[in-house]
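Undergrad: My structure is stored as model.csv, with CSV, C-alpha atoms.
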chain,number,residue,atom,x,y,z
Z,321,GLU,CA,-5.2,-2.0,17.2
Z,322,PRO,CA,-5.5,1.5,15.6
Z,323,GLU,CA,-7.2,1.7,12.2
Z,324,VAL,CA,-7.4,4.0,9.2
Z,325,THR,CA,-11.1,4.6,8.6
Z,326,GLN,CA,-12.5,5.4,5.2
Z,327,THR,CA,-16.0,6.6,4.3
Z,328,PRO,CA,-18.1,5.9,2.4
Z,329,SER,CA,-17.3,2.3,1.7
Z,330,HIS,CA,-19.1,2.5,-1.7
Z,331,GLN,CA,-20.0,5.6,-3.7
Z,332,VAL,CA,-21.9,5.7,-7.0
Z,333,THR,CA,-21.7,9.0,-8.9
Z,334,GLN,CA,-22.6,10.3,-12.3
Z,335,MET,CA,-19.9,11.3,-14.7
Z,336,GLY,CA,-19.0,14.9,-14.3
Z,337,GLN,CA,-20.0,15.1,-10.7
Z,338,GLU,CA,-17.6,16.0,-7.8
Z,339,VAL,CA,-16.9,13.4,-5.2
Z,340,ILE,CA,-15.1,13.7,-1.8
Z,341,LEU,CA,-13.6,10.6,-0.3
Z,342,ARG,CA,-12.9,10.8,3.4
Z,343,CYS,CA,-10.3,9.2,5.6
Z,344,VAL,CA,-9.4,9.4,9.2
Z,345,PRO,CA,-5.7,8.4,9.6
Z,346,ILE,CA,-4.2,7.1,12.8
Z,347,SER,CA,-4.0,10.0,15.3
Z,348,ASN,CA,-0.2,10.1,15.8
Z,349,HIS,CA,0.7,9.5,12.2
Z,350,LEU,CA,2.4,12.3,10.2
Z,351,TYR,CA,2.5,11.0,6.6
Z,352,PHE,CA,-0.7,10.4,4.6
Z,353,TYR,CA,-1.3,8.8,1.2
Z,354,TRP,CA,-3.9,8.0,-1.3
Z,355,TYR,CA,-3.7,5.0,-3.6
Z,356,ARG,CA,-6.1,3.5,-6.0
Z,357,GLN,CA,-6.7,0.1,-7.6
Z,358,ILE,CA,-8.7,-0.4,-10.7
Z,359,LEU,CA,-10.5,-3.8,-10.7
Z,360,GLY,CA,-8.0,-6.5,-11.6
Z,361,GLN,CA,-5.0,-4.1,-11.7
Z,362,LYS,CA,-2.1,-3.1,-9.5
Z,363,VAL,CA,-2.3,-0.8,-6.6
Z,364,GLU,CA,-1.2,2.7,-7.8
Z,365,PHE,CA,0.2,5.6,-5.9
Z,366,LEU,CA,-1.7,8.9,-6.2
Z,367,VAL,CA,-0.3,11.3,-3.7
Z,368,SER,CA,1.6,11.7,-0.5
Z,369,PHE,CA,1.0,14.5,2.1
Z,370,TYR,CA,3.2,15.7,4.9
Z,371,ASN,CA,3.4,18.8,6.9
Z,372,ASN,CA,0.1,20.1,5.4
Z,373,GLU,CA,1.3,20.0,1.9
Z,374,ILE,CA,1.6,17.6,-1.0
Z,375,SER,CA,5.1,16.0,-1.0
Z,376,GLU,CA,4.8,13.8,-4.1
Z,377,LYS,CA,2.2,13.0,-6.7
Z,378,SER,CA,1.9,10.7,-9.6
Z,379,GLU,CA,1.0,11.4,-13.2
Z,380,ILE,CA,-2.5,10.1,-12.4
Z,381,PHE,CA,-3.0,13.0,-9.9
Z,382,ASP,CA,-3.9,15.7,-12.3
Z,383,ASP,CA,-5.8,18.9,-11.9
Z,384,GLN,CA,-9.0,17.0,-11.3
Z,385,PHE,CA,-7.7,15.7,-8.0
Z,386,SER,CA,-7.0,17.6,-4.8
Z,387,VAL,CA,-6.3,16.6,-1.2
Z,388,GLU,CA,-6.9,18.4,2.0
Z,389,ARG,CA,-6.5,18.0,5.7
Z,390,PRO,CA,-9.2,20.4,6.9
Z,391,ASP,CA,-8.8,19.7,10.6
Z,392,GLY,CA,-6.5,17.6,12.8
Z,393,SER,CA,-8.2,14.3,12.0
Z,394,ASN,CA,-9.6,14.1,8.5
Z,395,PHE,CA,-7.8,13.7,5.2
Z,396,THR,CA,-9.8,14.0,2.0
Z,397,LEU,CA,-9.5,13.3,-1.6
Z,398,LYS,CA,-11.6,15.3,-4.0
Z,399,ILE,CA,-12.2,14.5,-7.6
Z,400,ARG,CA,-13.7,17.6,-9.3
Z,401,SER,CA,-15.3,16.1,-12.4
Z,402,THR,CA,-15.4,12.4,-12.4
Z,403,LYS,CA,-14.8,10.3,-15.5
Z,404,LEU,CA,-15.7,6.7,-16.1
Z,405,GLU,CA,-12.1,5.7,-15.8
Z,406,ASP,CA,-12.0,7.0,-12.2
Z,407,SER,CA,-14.0,4.0,-11.2
Z,408,ALA,CA,-11.7,2.1,-8.8
Z,409,MET,CA,-11.0,1.3,-5.1
Z,410,TYR,CA,-9.4,4.2,-3.4
Z,411,PHE,CA,-7.2,3.5,-0.4
Z,412,CYS,CA,-6.0,5.9,2.2
Z,413,ALA,CA,-2.9,5.1,4.2
Z,414,SER,CA,-0.9,6.7,7.0
Z,415,SER,CA,2.4,6.2,8.7
Z,416,GLU,CA,4.1,7.5,11.8
Z,417,VAL,CA,7.5,7.7,10.2
Z,418,MET,CA,8.5,7.5,6.6
Z,419,GLN,CA,10.5,4.3,7.0
Z,420,GLY,CA,7.9,2.5,9.0
Z,421,GLY,CA,5.0,0.3,8.0
Z,422,TYR,CA,2.0,2.0,6.5
Z,423,THR,CA,-1.5,1.3,7.7
Z,424,PHE,CA,-4.1,1.2,4.9
Z,425,GLY,CA,-7.8,1.7,5.2
Z,426,SER,CA,-10.3,-0.8,3.8
Z,427,GLY,CA,-11.0,1.5,0.9
Z,428,THR,CA,-13.9,3.3,-0.9
Z,429,ARG,CA,-15.2,1.7,-4.0
Z,430,LEU,CA,-16.0,4.5,-6.4
Z,431,THR,CA,-18.3,3.7,-9.3
Z,432,VAL,CA,-18.8,6.4,-12.0
Z,433,VAL,CA,-21.8,5.8,-14.2
R,1364,ASP,CA,12.6,2.6,-6.8
R,1365,ALA,CA,14.5,-0.6,-7.3
R,1366,LYS,CA,12.6,-3.1,-9.4
R,1367,THR,CA,11.5,-6.3,-7.5
R,1368,THR,CA,10.8,-9.7,-9.1
R,1369,GLN,CA,8.5,-12.2,-7.5
R,1370,PRO,CA,6.9,-15.5,-8.7
R,1371,ASN,CA,3.4,-15.0,-10.0
R,1372,SER,CA,2.0,-17.7,-7.6
R,1373,MET,CA,2.8,-20.2,-4.9
R,1374,GLU,CA,0.9,-22.9,-3.1
R,1375,SER,CA,1.2,-24.2,0.4
R,1376,ASN,CA,-0.6,-26.5,2.8
R,1377,GLU,CA,-2.1,-25.3,6.0
R,1378,GLU,CA,0.2,-25.4,9.0
R,1379,GLU,CA,3.3,-25.7,6.8
R,1380,PRO,CA,6.0,-23.0,6.5
R,1381,VAL,CA,5.9,-20.8,3.4
R,1382,HIS,CA,9.0,-19.1,1.9
R,1383,LEU,CA,8.1,-16.3,-0.5
R,1384,PRO,CA,11.1,-15.1,-2.5
R,1385,CYS,CA,11.8,-11.7,-3.9
R,1386,ASN,CA,14.7,-10.5,-6.1
R,1387,HIS,CA,15.8,-6.9,-6.0
R,1388,SER,CA,19.2,-6.9,-7.7
R,1389,THR,CA,19.3,-3.1,-8.3
R,1390,ILE,CA,18.6,-2.2,-4.7
R,1391,SER,CA,20.7,0.6,-3.3
R,1392,GLY,CA,22.1,0.9,0.2
R,1393,THR,CA,19.3,3.1,1.5
R,1394,ASP,CA,16.4,1.2,0.1
R,1395,TYR,CA,14.3,-0.6,2.6
R,1396,ILE,CA,12.5,-3.8,1.8
R,1397,HIS,CA,8.8,-3.8,2.6
R,1398,TRP,CA,6.3,-6.6,2.4
R,1399,TYR,CA,2.6,-6.1,2.3
R,1400,ARG,CA,-0.3,-8.4,1.6
R,1401,GLN,CA,-3.7,-8.0,0.2
R,1402,LEU,CA,-6.5,-10.3,1.1
R,1403,PRO,CA,-9.5,-10.5,-1.3
R,1404,SER,CA,-11.6,-7.4,-1.3
R,1405,GLN,CA,-9.4,-5.6,1.3
R,1406,GLY,CA,-6.8,-2.9,1.4
R,1407,PRO,CA,-3.1,-3.7,1.5
R,1408,GLU,CA,-1.9,-4.8,4.9
R,1409,TYR,CA,1.6,-4.2,6.3
R,1410,VAL,CA,3.5,-7.4,7.0
R,1411,ILE,CA,7.2,-6.5,7.7
R,1412,HIS,CA,10.1,-4.4,6.6
R,1413,GLY,CA,13.9,-4.3,7.0
R,1414,LEU,CA,17.1,-2.8,5.7
R,1415,THR,CA,20.0,-5.2,6.3
R,1416,SER,CA,19.3,-7.5,9.2
R,1417,ASN,CA,16.8,-10.3,9.4
R,1418,VAL,CA,13.6,-9.2,11.1
R,1419,ASN,CA,10.9,-11.0,13.0
R,1420,ASN,CA,7.5,-9.9,14.1
R,1421,ARG,CA,4.3,-11.6,15.1
R,1422,MET,CA,3.2,-12.1,11.5
R,1423,ALA,CA,6.3,-13.3,9.8
R,1424,SER,CA,10.1,-13.2,9.4
R,1425,LEU,CA,12.1,-11.4,6.8
R,1426,ALA,CA,15.4,-12.9,5.7
R,1427,ILE,CA,17.6,-10.5,3.7
R,1428,ALA,CA,20.6,-11.9,1.8
R,1429,GLU,CA,24.0,-10.6,2.7
R,1430,ASP,CA,24.3,-8.7,-0.6
R,1431,ARG,CA,20.7,-7.4,-0.2
R,1432,LYS,CA,19.9,-8.5,-3.8
R,1433,SER,CA,17.2,-10.8,-2.6
R,1434,SER,CA,15.0,-11.5,0.4
R,1435,THR,CA,12.5,-14.1,1.6
R,1436,LEU,CA,9.3,-13.6,3.5
R,1437,ILE,CA,8.7,-16.6,5.8
R,1438,LEU,CA,5.3,-17.5,7.2
R,1439,HIS,CA,6.1,-20.1,9.9
R,1440,ARG,CA,2.8,-21.9,9.8
R,1441,ALA,CA,0.4,-21.0,7.0
R,1442,THR,CA,-3.3,-20.7,7.8
R,1443,LEU,CA,-6.2,-20.3,5.4
R,1444,ARG,CA,-6.3,-16.7,6.4
R,1445,ASP,CA,-2.8,-16.2,4.9
R,1446,ALA,CA,-4.1,-16.8,1.4
R,1447,ALA,CA,-3.5,-13.4,-0.3
R,1448,VAL,CA,-1.4,-11.5,-2.8
R,1449,TYR,CA,2.0,-10.7,-1.2
R,1450,TYR,CA,3.9,-7.7,-2.4
R,1451,CYS,CA,7.6,-7.2,-2.0
R,1452,ILE,CA,8.5,-3.5,-2.4
R,1453,SER,CA,11.8,-1.8,-2.4
R,1454,PHE,CA,11.3,1.5,-0.7
R,1455,PHE,CA,13.5,4.4,-1.8
R,1456,ASN,CA,14.5,7.1,0.6
R,1457,ALA,CA,17.7,8.8,-0.3
R,1458,GLY,CA,18.3,11.7,2.1
R,1459,GLY,CA,14.7,12.1,2.8
R,1460,THR,CA,13.7,13.2,-0.7
R,1461,SER,CA,11.1,10.5,-1.1
R,1462,TYR,CA,8.0,10.8,1.0
R,1463,GLY,CA,6.9,7.3,1.0
R,1464,LYS,CA,5.7,6.3,-2.4
R,1465,LEU,CA,5.2,2.5,-2.4
R,1466,THR,CA,5.3,1.1,-5.9
R,1467,PHE,CA,3.3,-2.1,-6.0
R,1468,GLY,CA,4.0,-4.8,-8.6
R,1469,GLN,CA,1.8,-7.8,-9.4
R,1470,GLY,CA,2.9,-9.7,-6.3
R,1471,THR,CA,2.8,-13.4,-5.5
R,1472,ILE,CA,-0.6,-15.0,-5.2
R,1473,LEU,CA,-0.4,-17.4,-2.3
R,1474,THR,CA,-2.9,-20.3,-2.2
R,1475,VAL,CA,-3.2,-22.2,1.0
R,1476,HIS,CA,-4.7,-25.7,0.9
R,1477,PRO,CA,-6.5,-27.2,3.9
Could you rewrite the structure in this file as structure tokens?

TA:
Amino acid sequence: EPEVTQTPSHQVTQMGQEVILRCVPISNHLYFYWYRQILGQKVEFLVSFYNNEISEKSEIFDDQFSVERPDGSNFTLKIRSTKLEDSAMYFCASSEVMQGGYTFGSGTRLTVV
Amino acid sequence: DAKTTQPNSMESNEEEPVHLPCNHSTISGTDYIHWYRQLPSQGPEYVIHGLTSNVNNRMASLAIAEDRKSSTLILHRATLRDAAVYYCISFFNAGGTSYGKLTFGQGTILTVHP
């Protein structure tokens, strides 16, 4: 069964450093998303991406965050200057059609120290 | 998105059916109902979704009330692997203006006893 692949599985970074979280969505999917989950809390929407541009973003997704689809396969989330409160699991998801089920990756655990 | 209400937790025995309820009384005619689950230390996993008719797939069945104000996710024979948090999400897409934001609540923690 096709999978959404995320790398790395765990990243530790120092406060103020830039991090890039990588995702390879399912190849025929057109809609891409990033979500995050702080330990013990709900899964939160960050951003959706369609047709090579951001289609919707949450209040969390401020100027420190950016997304990119640099080639036909990768989808990245960049955090420019990490804060302690950015520590969370970050999930990438993709879907073939907007109304269909979404496939999530297994996540990247980001720890900011 | 229409707000959904689920019980905080439910328990079941292995190999018995499980009925997970969800209320979405403010749902509109174009809102799909999605169910996802999250096993410990994993990402959310798609279970099933529907609009008006009952739906079946290899994982579960979704029974949608005629007035669409509630739905029930049915696991026909619970296994230990089904122990997870189950999320009922009302997915809004009016005229294509929403691009797929899923709003997760706290969900229902399902415990399956051997």

Undergrad: Would you kindly report the residues of chain R within 7 Å of chain Z, using only C-alpha atoms, as a list in words?

TA: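 In the required form, that comes to Gln1405, Gly1406, Pro1407, Glu1408, Tyr1409, Tyr1462, Gly1463, Lys1464, Leu1465, Thr1466, Phe1467, Gly1468 and Gln1469 of chain R.
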
Undergrad: Mind giving me the straight-line distance from atom CA of Lys1366 of chain R to atom CA of Thr1474 of chain R in Å, one decimal?

TA: 24.2 Å

Undergrad: Write out as a list of chain:residue names which residues come within 10 Å of Gly392 of chain Z when counting only C-alpha atoms, dropping same-chain ones fewer than 3 positions away.

TA: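 Listed by chain and then number, they are Z:Val344, Z:Pro345, Z:Ser347, Z:Arg389, Z:Phe395.
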
Undergrad: Here is a test: counting all atoms listed in the file, which residue of Z:Leu359, Z:Val339, Z:Ile346, Z:Val433 is nearest to Ile399 of chain Z?

TA: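 Residue with the minimum atom-to-atom distance to Ile399 of chain Z: Z:Val339.
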
Undergrad: Which of these, R:Cys1385, R:Ile1437, R:Ile1452, R:Val1418, has the shortest distance to Trp1398 of chain R once you count only C-alpha atoms?

TA: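 Checking each of R:Cys1385, R:Ile1437, R:Ile1452, R:Val1418 against Trp1398 of chain R, counting only C-alpha atoms, the winner is R:Ile1452.
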
Undergrad: Just give me the residues with any atom within 12 Å of (-6.1, 17.3, -11.6), file coordinates, counting only C-alpha atoms, written as a PyMOL selection string.

TA: chain Z and resi 366-367+377-387+397-403+406

Undergrad: Figure out the distance between atom CA of Glu1379 of chain R and atom CA of Arg1431 of chain R, please, to one decimal in Å.

TA: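 Value for the atom CA of Arg1431 of chain R-atom CA of Glu1379 of chain R distance: 26.2 Å.
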
Undergrad: Could you jot down the atom CA of Thr333 of chain Z to atom CA of Glu388 of chain Z separation for me, Å, one decimal place?

TA: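 For atom CA of Thr333 of chain Z relative to atom CA of Glu388 of chain Z, the distance reads 20.6 Å.
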
Undergrad: Quick one: residues within 8 Å of (-9.3, -22.4, 1.5) (file frame), counting only C-alpha atoms, please, as a list of chain:residue names.

TA: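 I get R:Leu1443, R:Ala1446, R:Thr1474, R:Val1475, R:His1476, R:Pro1477 for the residues within 8 Å of that point.
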
Undergrad: Determine, counting all atoms listed in the file, which protein, DNA and RNA residues have an atom within 7 Å of an atom of Leu1473 of chain R; residues of the same chain fewer than 3 positions away are not included. Present the result as a list in words.

TA: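 Using all atoms listed in the file, the neighbours found are Ser1372, Met1373, Glu1374, Ala1446, Ala1447 and Val1448 of chain R.
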
Undergrad: Restricted to C-alpha atoms, what would the selected residues look like written as a compact mmCIF listing (two decimals), in the coordinates of the input?

TA:
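Full text of part32.txt as output:
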# COMPACT_ATOMS: atom_id res chain seq x y z
CA SER R 1372 2.00 -17.70 -7.60
CA MET R 1373 2.80 -20.20 -4.90
CA GLU R 1374 0.90 -22.90 -3.10
CA ALA R 1446 -4.10 -16.80 1.40
CA ALA R 1447 -3.50 -13.40 -0.30
CA VAL R 1448 -1.40 -11.50 -2.80

Undergrad: Tell me which of Z:Asn372, Z:Leu350, Z:Glu416, Z:Ala408 sits closest to Ser329 of chain Z, counting all atoms listed in the file.

TA: Z:Ala408

Undergrad: Between Z:Thr396, Z:Val432, Z:Ile358, Z:Glu373, which has the minimum distance to His330 of chain Z (counting all atoms listed in the file)?

TA: Z:Val432

Undergrad: Which residues are near Ala1428 of chain R? Cut-off 9 Å, only C-alpha atoms, ignore same chain within fewer than 5 positions. Put them as a PyMOL selection string.

TA: chain R and resi 1415-1417+1433-1435

Undergrad: List the neighbours of Ile1411 of chain R out to 9 Å using only C-alpha atoms; skip same-chain residues closer than 5 positions along the sequence, and give me the result as a list in words.

TA: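 The residues that qualify are Gly421 of chain Z; Ile1396, His1397, Trp1398, Tyr1399, Val1418, Asn1419, Asn1420, Met1422, Ala1423, Ser1424, Leu1425 and Leu1436 of chain R.
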
Undergrad: Take segment 1435-1446 of chain R, bring it up to all heavy atoms, and give me the output as an mmCIF file, in the frame of the given file.

TA:
data_model
loop_
_atom_site.group_PDB
_atom_site.id
_atom_site.type_symbol
_atom_site.label_atom_id
_atom_site.label_comp_id
_atom_site.auth_asym_id
_atom_site.auth_seq_id
_atom_site.Cartn_x
_atom_site.Cartn_y
_atom_site.Cartn_z
ATOM 1 N N THR R 1435 13.561 -13.048 1.503
ATOM 2 C CA THR R 1435 12.500 -14.100 1.600
ATOM 3 C C THR R 1435 11.614 -13.768 2.768
ATOM 4 O O THR R 1435 12.089 -13.524 3.894
ATOM 5 C CB THR R 1435 13.170 -15.472 1.840
ATOM 6 O OG1 THR R 1435 14.069 -15.758 0.774
ATOM 7 C CG2 THR R 1435 12.094 -16.560 1.894
ATOM 8 N N LEU R 1436 10.337 -13.745 2.490
ATOM 9 C CA LEU R 1436 9.300 -13.600 3.500
ATOM 10 C C LEU R 1436 8.958 -15.009 4.004
ATOM 11 O O LEU R 1436 8.633 -15.879 3.192
ATOM 12 C CB LEU R 1436 8.097 -12.885 3.026
ATOM 13 C CG LEU R 1436 6.977 -12.728 4.039
ATOM 14 C CD1 LEU R 1436 7.372 -11.706 5.112
ATOM 15 C CD2 LEU R 1436 5.672 -12.300 3.359
ATOM 16 N N ILE R 1437 9.018 -15.230 5.297
ATOM 17 C CA ILE R 1437 8.700 -16.600 5.800
ATOM 18 C C ILE R 1437 7.504 -16.495 6.729
ATOM 19 O O ILE R 1437 7.460 -15.733 7.708
ATOM 20 C CB ILE R 1437 9.955 -17.062 6.672
ATOM 21 C CG1 ILE R 1437 11.207 -17.087 5.799
ATOM 22 C CG2 ILE R 1437 9.662 -18.463 7.240
ATOM 23 C CD1 ILE R 1437 12.497 -17.208 6.567
ATOM 24 N N LEU R 1438 6.501 -17.270 6.338
ATOM 25 C CA LEU R 1438 5.300 -17.500 7.200
ATOM 26 C C LEU R 1438 5.560 -18.824 7.866
ATOM 27 O O LEU R 1438 5.666 -19.851 7.187
ATOM 28 C CB LEU R 1438 4.042 -17.494 6.385
ATOM 29 C CG LEU R 1438 3.802 -16.296 5.467
ATOM 30 C CD1 LEU R 1438 2.504 -16.480 4.686
ATOM 31 C CD2 LEU R 1438 3.771 -15.010 6.260
ATOM 32 N N HIS R 1439 5.642 -18.847 9.176
ATOM 33 C CA HIS R 1439 6.100 -20.100 9.900
ATOM 34 C C HIS R 1439 5.116 -21.184 9.831
ATOM 35 O O HIS R 1439 5.493 -22.346 9.731
ATOM 36 C CB HIS R 1439 6.515 -19.684 11.286
ATOM 37 C CG HIS R 1439 7.685 -18.741 11.320
ATOM 38 N ND1 HIS R 1439 8.970 -19.160 11.048
ATOM 39 C CD2 HIS R 1439 7.758 -17.414 11.549
ATOM 40 C CE1 HIS R 1439 9.794 -18.117 11.129
ATOM 41 N NE2 HIS R 1439 9.084 -17.049 11.428
ATOM 42 N N ARG R 1440 3.830 -20.854 9.922
ATOM 43 C CA ARG R 1440 2.800 -21.900 9.800
ATOM 44 C C ARG R 1440 1.617 -21.265 9.094
ATOM 45 O O ARG R 1440 0.875 -20.461 9.636
ATOM 46 C CB ARG R 1440 2.331 -22.327 11.218
ATOM 47 C CG ARG R 1440 3.302 -23.243 11.935
ATOM 48 C CD ARG R 1440 2.770 -23.679 13.286
ATOM 49 N NE ARG R 1440 1.704 -24.655 13.151
ATOM 50 C CZ ARG R 1440 0.558 -24.600 13.813
ATOM 51 N NH1 ARG R 1440 0.320 -23.621 14.638
ATOM 52 N NH2 ARG R 1440 -0.367 -25.532 13.650
ATOM 53 N N ALA R 1441 1.469 -21.617 7.839
ATOM 54 C CA ALA R 1441 0.400 -21.000 7.000
ATOM 55 C C ALA R 1441 -0.950 -21.395 7.515
ATOM 56 O O ALA R 1441 -1.199 -22.543 7.896
ATOM 57 C CB ALA R 1441 0.597 -21.429 5.569
ATOM 58 N N THR R 1442 -1.836 -20.423 7.503
ATOM 59 C CA THR R 1442 -3.300 -20.700 7.800
ATOM 60 C C THR R 1442 -4.054 -20.294 6.554
ATOM 61 O O THR R 1442 -3.548 -19.613 5.647
ATOM 62 C CB THR R 1442 -3.743 -19.875 8.994
ATOM 63 O OG1 THR R 1442 -3.769 -18.486 8.633
ATOM 64 C CG2 THR R 1442 -2.841 -20.069 10.210
ATOM 65 N N LEU R 1443 -5.313 -20.693 6.532
ATOM 66 C CA LEU R 1443 -6.200 -20.300 5.400
ATOM 67 C C LEU R 1443 -6.274 -18.836 5.255
ATOM 68 O O LEU R 1443 -6.424 -18.299 4.154
ATOM 69 C CB LEU R 1443 -7.540 -20.994 5.562
ATOM 70 C CG LEU R 1443 -7.564 -22.525 5.549
ATOM 71 C CD1 LEU R 1443 -8.981 -23.035 5.754
ATOM 72 C CD2 LEU R 1443 -6.980 -23.075 4.257
ATOM 73 N N ARG R 1444 -6.190 -18.125 6.377
ATOM 74 C CA ARG R 1444 -6.300 -16.700 6.400
ATOM 75 C C ARG R 1444 -5.091 -16.002 5.705
ATOM 76 O O ARG R 1444 -5.128 -14.830 5.371
ATOM 77 C CB ARG R 1444 -6.480 -16.147 7.785
ATOM 78 C CG ARG R 1444 -6.976 -14.715 7.822
ATOM 79 C CD ARG R 1444 -6.743 -14.058 9.178
ATOM 80 N NE ARG R 1444 -7.025 -12.620 9.123
ATOM 81 C CZ ARG R 1444 -6.141 -11.696 8.756
ATOM 82 N NH1 ARG R 1444 -4.914 -12.049 8.433
ATOM 83 N NH2 ARG R 1444 -6.482 -10.426 8.715
ATOM 84 N N ASP R 1445 -4.003 -16.770 5.536
ATOM 85 C CA ASP R 1445 -2.800 -16.200 4.900
ATOM 86 C C ASP R 1445 -2.905 -16.201 3.374
ATOM 87 O O ASP R 1445 -2.008 -15.689 2.701
ATOM 88 C CB ASP R 1445 -1.558 -16.981 5.321
ATOM 89 C CG ASP R 1445 -1.224 -16.769 6.789
ATOM 90 O OD1 ASP R 1445 -1.393 -15.633 7.291
ATOM 91 O OD2 ASP R 1445 -0.785 -17.745 7.437
ATOM 92 N N ALA R 1446 -3.956 -16.781 2.819
ATOM 93 C CA ALA R 1446 -4.100 -16.800 1.400
ATOM 94 C C ALA R 1446 -4.372 -15.318 0.924
ATOM 95 O O ALA R 1446 -5.345 -14.672 1.349
ATOM 96 C CB ALA R 1446 -5.323 -17.628 0.963
#
